[in-house]
Amino acid sequence: MISAEPVRILVVDDHPVVLQGLVAMISQEPDMQIVAEARNGREAIEMHRRVRPDVTLVDLRLPDMSGVDVVAAIRQEHRDAGLIVLSVFGGDEDIYRALQKGARAYLQKDVTREELIRAVRAVSRGNRYLPVSVAARLADRISGSNPTPRELAVLQLIASGKSNKEIAAELPVGEGTVKTHVNNIMRKLGVTSRTQAILAAVQRGLVHLGPKRHS
């Protein structure tokens with residue numbers, strides 16, 4: 001049933017084509033209204049403060065801050081904010097962090113228009129919405145064996161191209177300790193080489209490589 005008052009929506013994405021596409025899809029719905037658009041995290045936080053939308057769609061990767069940080073900042077000010085994170089990435093760590101900070105839905109950007117609209121409606125009612133594929137990745141993250149904070153630090157340094165000796169000097173710890181961390185990381189990720197570890201870590205959202213990419 002269509003509500004008497006349309007769901008007021010803020011869309012946050014720095015990629016013009018993606019932003020226009022989301023706006024176009026949502027604008028077709030008679031019970032939804034785009035009330036504001038933002039191109040970066042700080043603008044999103046200020047815009048949310050100004051217009052108080054019912055639902056905010058937030059890109060995971062923004063030029064000035066992560067979508068997860070935007071979610072956390074908005075939820076700190078407005079505990080009832082309805083927030084949906086959108087990303088081309090489906091890493092279980094990204095999903096976990098977004099939901100932990102207060103997002104009520106996490107969608108990949110290849111989501112169908114129908115599923116996007118279902119998610120917006122669910123979140124506008126105060127519910128959570130997770131597609132089956134996203135829920136499965138989250139379950140893997142919760143039930144699986146995850147690297148410790150120190151192992152994550154080593155993993156990020158591996159991803160940046162540093163050798164065990166360089167990692168040991170940077171942390172600083174003994175080179176033998178680094179080797180132990182590397183072995184534990186590969187075991188937990190189910191891989192047998194450093195290259196595979198990096199690929200698995202990127203897929204899971206444990207590390208992010210290079211400059212900001214549109215998500």
# chains A, B, ... in the order shown; residues from 1 in each chain; ligands from 1

call {"tool": "select_by_dssp", "arguments": {"residues": "stretch 7-215 of chain A", "states": "helix (DSSP H, G or I)", "output": "PyMOL selection string"}}
result
chain A and resi 16-27+41-51+67-77+92-100+113-124+132-143+149-159+164-170+175-189+194-204

call {"tool": "residues_around", "arguments": {"residues": "A:Glu46", "least_positions_apart": "3", "cutoff": "12 Å", "atoms": "only C-alpha atoms", "output": "MDAnalysis selection string"}}
result
chainID A and resid 10 12 36:43 49:53 70 73:74 77

call {"tool": "write_last_selection", "arguments": {"atoms": "N, CA and C atoms", "output": "short mmCIF file (atom, residue, chain, number, x, y, z; two decimals), in the first residue's frame"}}
result
data_model
loop_
_atom_site.label_atom_id
_atom_site.label_comp_id
_atom_site.auth_asym_id
_atom_site.auth_seq_id
_atom_site.Cartn_x
_atom_site.Cartn_y
_atom_site.Cartn_z
N LEU A 10 17.78 10.64 0.67
CA LEU A 10 19.05 11.31 0.35
C LEU A 10 19.94 10.29 -0.34
N VAL A 12 23.79 9.47 -1.78
CA VAL A 12 25.18 9.91 -1.63
C VAL A 12 26.08 9.06 -2.52
N ALA A 36 17.44 15.18 -1.53
CA ALA A 36 18.79 15.77 -1.58
C ALA A 36 19.76 14.78 -2.18
N GLU A 37 20.88 15.33 -2.70
CA GLU A 37 21.97 14.53 -3.24
C GLU A 37 23.28 15.06 -2.66
N ALA A 38 24.23 14.17 -2.46
CA ALA A 38 25.54 14.58 -1.95
C ALA A 38 26.62 13.82 -2.70
N ARG A 39 27.80 14.46 -2.84
CA ARG A 39 28.89 13.87 -3.61
C ARG A 39 30.06 13.41 -2.75
N ASN A 40 30.04 13.70 -1.45
CA ASN A 40 31.11 13.23 -0.57
C ASN A 40 30.57 13.06 0.84
N GLY A 41 31.41 12.51 1.71
CA GLY A 41 30.95 12.17 3.04
C GLY A 41 30.55 13.36 3.89
N ARG A 42 31.38 14.40 3.90
CA ARG A 42 31.07 15.56 4.74
C ARG A 42 29.80 16.26 4.26
N GLU A 43 29.63 16.33 2.96
CA GLU A 43 28.42 16.92 2.41
C GLU A 43 27.20 16.07 2.79
N ARG A 49 21.78 16.30 8.16
CA ARG A 49 21.45 17.16 9.29
C ARG A 49 20.41 18.21 8.88
N ARG A 50 20.52 18.67 7.64
CA ARG A 50 19.64 19.74 7.16
C ARG A 50 18.25 19.24 6.76
N VAL A 51 18.18 18.13 6.03
CA VAL A 51 16.89 17.71 5.46
C VAL A 51 16.23 16.55 6.22
N ARG A 52 17.00 15.83 7.09
CA ARG A 52 16.49 14.72 7.87
C ARG A 52 15.66 13.74 7.02
N PRO A 53 16.28 13.07 6.06
CA PRO A 53 15.57 12.13 5.20
C PRO A 53 15.12 10.89 5.98
N VAL A 70 30.60 7.54 7.34
CA VAL A 70 29.43 8.41 7.17
C VAL A 70 28.25 7.84 7.97
N ALA A 73 28.79 8.48 11.67
CA ALA A 73 28.62 9.89 12.04
C ALA A 73 27.14 10.27 12.07
N ILE A 74 26.40 9.81 11.08
CA ILE A 74 24.97 10.14 11.03
C ILE A 74 24.22 9.46 12.18
N GLU A 77 24.43 11.20 15.48
CA GLU A 77 23.54 12.36 15.62
C GLU A 77 22.07 11.97 15.63
#

call {"tool": "closest_residue", "arguments": {"among": "A:Leu22, A:Ile9, A:Asp31, A:Pro147", "to": "A:Ala81", "atoms": "only C-alpha atoms"}}
result
A:Ile9

call {"tool": "residues_around", "arguments": {"residues": "A:Pro149", "least_positions_apart": "4", "cutoff": "12 Å", "atoms": "only C-alpha atoms", "output": "PyMOL selection string"}}
result
chain A and resi 153-156+181+185+206-207

call {"tool": "write_last_selection", "arguments": {"atoms": "N, CA and C atoms", "output": "mmCIF file, in the first residue's frame"}}
result
data_model
loop_
_atom_site.group_PDB
_atom_site.id
_atom_site.type_symbol
_atom_site.label_atom_id
_atom_site.label_comp_id
_atom_site.auth_asym_id
_atom_site.auth_seq_id
_atom_site.Cartn_x
_atom_site.Cartn_y
_atom_site.Cartn_z
ATOM 1 N N ALA A 153 47.199 -5.835 10.468
ATOM 2 C CA ALA A 153 48.251 -4.851 10.207
ATOM 3 C C ALA A 153 49.330 -5.458 9.310
ATOM 4 N N VAL A 154 49.697 -6.701 9.601
ATOM 5 C CA VAL A 154 50.683 -7.390 8.765
ATOM 6 C C VAL A 154 50.131 -7.592 7.360
ATOM 7 N N LEU A 155 48.863 -7.961 7.274
ATOM 8 C CA LEU A 155 48.220 -8.195 5.979
ATOM 9 C C LEU A 155 48.214 -6.931 5.120
ATOM 10 N N GLN A 156 47.942 -5.780 5.745
ATOM 11 C CA GLN A 156 47.943 -4.522 5.007
ATOM 12 C C GLN A 156 49.347 -4.198 4.490
ATOM 13 N N HIS A 181 52.883 -14.685 11.922
ATOM 14 C CA HIS A 181 51.653 -13.965 11.560
ATOM 15 C C HIS A 181 51.233 -14.307 10.124
ATOM 16 N N ILE A 185 47.783 -15.996 8.961
ATOM 17 C CA ILE A 185 46.906 -15.306 8.017
ATOM 18 C C ILE A 185 46.524 -16.242 6.876
ATOM 19 N N LEU A 206 38.987 -7.029 3.882
ATOM 20 C CA LEU A 206 39.915 -6.895 5.004
ATOM 21 C C LEU A 206 40.957 -5.829 4.743
ATOM 22 N N VAL A 207 41.362 -5.673 3.475
ATOM 23 C CA VAL A 207 42.278 -4.606 3.079
ATOM 24 C C VAL A 207 41.751 -3.973 1.803
#

call {"tool": "select_by_dssp", "arguments": {"residues": "stretch 9-104 of chain A", "states": "strand (DSSP E or B)", "output": "list of chain:residue names"}}
result
A:Ile9, A:Leu10, A:Val11, A:Val12, A:Met32, A:Gln33, A:Ile34, A:Val35, A:Ala36, A:Glu37, A:Ala38, A:Val55, A:Thr56, A:Leu57, A:Val58, A:Asp59, A:Arg61, A:Ser66, A:Gly82, A:Leu83, A:Ile84, A:Val85, A:Leu86, A:Ser87

call {"tool": "write_last_selection", "arguments": {"atoms": "C-alpha atoms", "output": "short mmCIF file (atom, residue, chain, number, x, y, z; two decimals), in the first residue's frame"}}
result
data_model
loop_
_atom_site.label_atom_id
_atom_site.label_comp_id
_atom_site.auth_asym_id
_atom_site.auth_seq_id
_atom_site.Cartn_x
_atom_site.Cartn_y
_atom_site.Cartn_z
CA ILE A 9 15.48 9.95 0.37
CA LEU A 10 19.05 11.31 0.35
CA VAL A 11 21.40 9.76 -2.22
CA VAL A 12 25.18 9.91 -1.63
CA MET A 32 9.29 7.97 -2.86
CA GLN A 33 10.89 11.39 -3.18
CA ILE A 34 14.54 12.39 -3.64
CA VAL A 35 15.01 15.31 -1.26
CA ALA A 36 18.79 15.77 -1.58
CA GLU A 37 21.97 14.53 -3.24
CA ALA A 38 25.54 14.58 -1.95
CA VAL A 55 16.30 6.84 4.11
CA THR A 56 19.87 7.59 3.01
CA LEU A 57 21.68 5.59 0.31
CA VAL A 58 25.44 5.82 0.94
CA ASP A 59 28.25 4.75 -1.40
CA ARG A 61 33.75 4.50 -1.19
CA SER A 66 34.36 5.86 3.83
CA GLY A 82 17.57 4.73 8.02
CA LEU A 83 20.84 4.02 6.22
CA ILE A 84 21.59 1.76 3.25
CA VAL A 85 25.17 1.15 2.11
CA LEU A 86 25.73 0.57 -1.61
CA SER A 87 28.91 -0.88 -3.08
#

call {"tool": "atom_distance", "arguments": {"atom1": "atom CA of A:Leu107", "atom2": "atom CA of A:Glu5"}}
result
24.9 Å

call {"tool": "decode", "arguments": {"residues": "stretch 123-182 of chain A", "atoms": "C-alpha atoms", "output": "PDB file, in the first residue's frame"}}
result
ATOM      1  CA  VAL A 123      14.423   0.481   5.884  1.00  0.00           C
ATOM      2  CA  SER A 124      11.851   3.301   5.835  1.00  0.00           C
ATOM      3  CA  ARG A 125       9.739   1.119   8.163  1.00  0.00           C
ATOM      4  CA  GLY A 126      12.662   0.606  10.528  1.00  0.00           C
ATOM      5  CA  ASN A 127      13.498  -2.900   9.314  1.00  0.00           C
ATOM      6  CA  ARG A 128      16.743  -4.454   8.074  1.00  0.00           C
ATOM      7  CA  TYR A 129      17.179  -5.730   4.537  1.00  0.00           C
ATOM      8  CA  LEU A 130      19.922  -8.088   3.362  1.00  0.00           C
ATOM      9  CA  PRO A 131      19.845  -9.881  -0.009  1.00  0.00           C
ATOM     10  CA  VAL A 132      20.528 -13.616   0.211  1.00  0.00           C
ATOM     11  CA  SER A 133      24.053 -13.281  -1.222  1.00  0.00           C
ATOM     12  CA  VAL A 134      24.968 -10.538   1.241  1.00  0.00           C
ATOM     13  CA  ALA A 135      23.500 -12.454   4.189  1.00  0.00           C
ATOM     14  CA  ALA A 136      25.595 -15.482   3.208  1.00  0.00           C
ATOM     15  CA  ARG A 137      28.792 -13.392   3.176  1.00  0.00           C
ATOM     16  CA  LEU A 138      27.899 -11.961   6.582  1.00  0.00           C
ATOM     17  CA  ALA A 139      27.310 -15.462   7.959  1.00  0.00           C
ATOM     18  CA  ASP A 140      30.735 -16.493   6.657  1.00  0.00           C
ATOM     19  CA  ARG A 141      32.300 -13.536   8.432  1.00  0.00           C
ATOM     20  CA  ILE A 142      30.591 -14.295  11.741  1.00  0.00           C
ATOM     21  CA  SER A 143      31.257 -18.030  11.715  1.00  0.00           C
ATOM     22  CA  GLY A 144      34.702 -17.990  10.118  1.00  0.00           C
ATOM     23  CA  SER A 145      38.136 -17.556  11.612  1.00  0.00           C
ATOM     24  CA  ASN A 146      39.242 -13.957  11.258  1.00  0.00           C
ATOM     25  CA  PRO A 147      42.690 -12.356  11.481  1.00  0.00           C
ATOM     26  CA  THR A 148      43.574 -10.576  14.701  1.00  0.00           C
ATOM     27  CA  PRO A 149      44.216  -6.798  14.660  1.00  0.00           C
ATOM     28  CA  ARG A 150      47.975  -7.415  14.530  1.00  0.00           C
ATOM     29  CA  GLU A 151      47.527  -9.924  11.697  1.00  0.00           C
ATOM     30  CA  LEU A 152      45.426  -7.373   9.832  1.00  0.00           C
ATOM     31  CA  ALA A 153      48.251  -4.851  10.207  1.00  0.00           C
ATOM     32  CA  VAL A 154      50.683  -7.390   8.765  1.00  0.00           C
ATOM     33  CA  LEU A 155      48.220  -8.195   5.979  1.00  0.00           C
ATOM     34  CA  GLN A 156      47.943  -4.522   5.007  1.00  0.00           C
ATOM     35  CA  LEU A 157      51.735  -4.254   4.854  1.00  0.00           C
ATOM     36  CA  ILE A 158      51.916  -7.399   2.725  1.00  0.00           C
ATOM     37  CA  ALA A 159      49.356  -5.835   0.394  1.00  0.00           C
ATOM     38  CA  SER A 160      51.518  -2.709   0.140  1.00  0.00           C
ATOM     39  CA  GLY A 161      54.363  -4.878  -1.167  1.00  0.00           C
ATOM     40  CA  LYS A 162      56.596  -5.048   1.900  1.00  0.00           C
ATOM     41  CA  SER A 163      58.810  -8.051   2.657  1.00  0.00           C
ATOM     42  CA  ASN A 164      58.851  -9.847   6.012  1.00  0.00           C
ATOM     43  CA  LYS A 165      62.046  -7.996   6.914  1.00  0.00           C
ATOM     44  CA  GLU A 166      60.489  -4.615   6.099  1.00  0.00           C
ATOM     45  CA  ILE A 167      57.323  -5.502   8.033  1.00  0.00           C
ATOM     46  CA  ALA A 168      59.394  -6.519  11.043  1.00  0.00           C
ATOM     47  CA  ALA A 169      61.200  -3.168  10.986  1.00  0.00           C
ATOM     48  CA  GLU A 170      57.985  -1.176  10.647  1.00  0.00           C
ATOM     49  CA  LEU A 171      55.927  -2.792  13.420  1.00  0.00           C
ATOM     50  CA  PRO A 172      58.591  -3.341  15.031  1.00  0.00           C
ATOM     51  CA  VAL A 173      58.803  -7.052  15.860  1.00  0.00           C
ATOM     52  CA  GLY A 174      61.155  -9.913  15.084  1.00  0.00           C
ATOM     53  CA  GLU A 175      61.183 -11.359  11.597  1.00  0.00           C
ATOM     54  CA  GLY A 176      60.250 -14.758  13.062  1.00  0.00           C
ATOM     55  CA  THR A 177      57.125 -13.201  14.577  1.00  0.00           C
ATOM     56  CA  VAL A 178      56.167 -11.802  11.189  1.00  0.00           C
ATOM     57  CA  LYS A 179      56.547 -15.236   9.614  1.00  0.00           C
ATOM     58  CA  THR A 180      54.248 -16.660  12.276  1.00  0.00           C
ATOM     59  CA  HIS A 181      51.653 -13.965  11.560  1.00  0.00           C
ATOM     60  CA  VAL A 182      51.903 -14.621   7.804  1.00  0.00           C
TER      61      VAL A 182
END
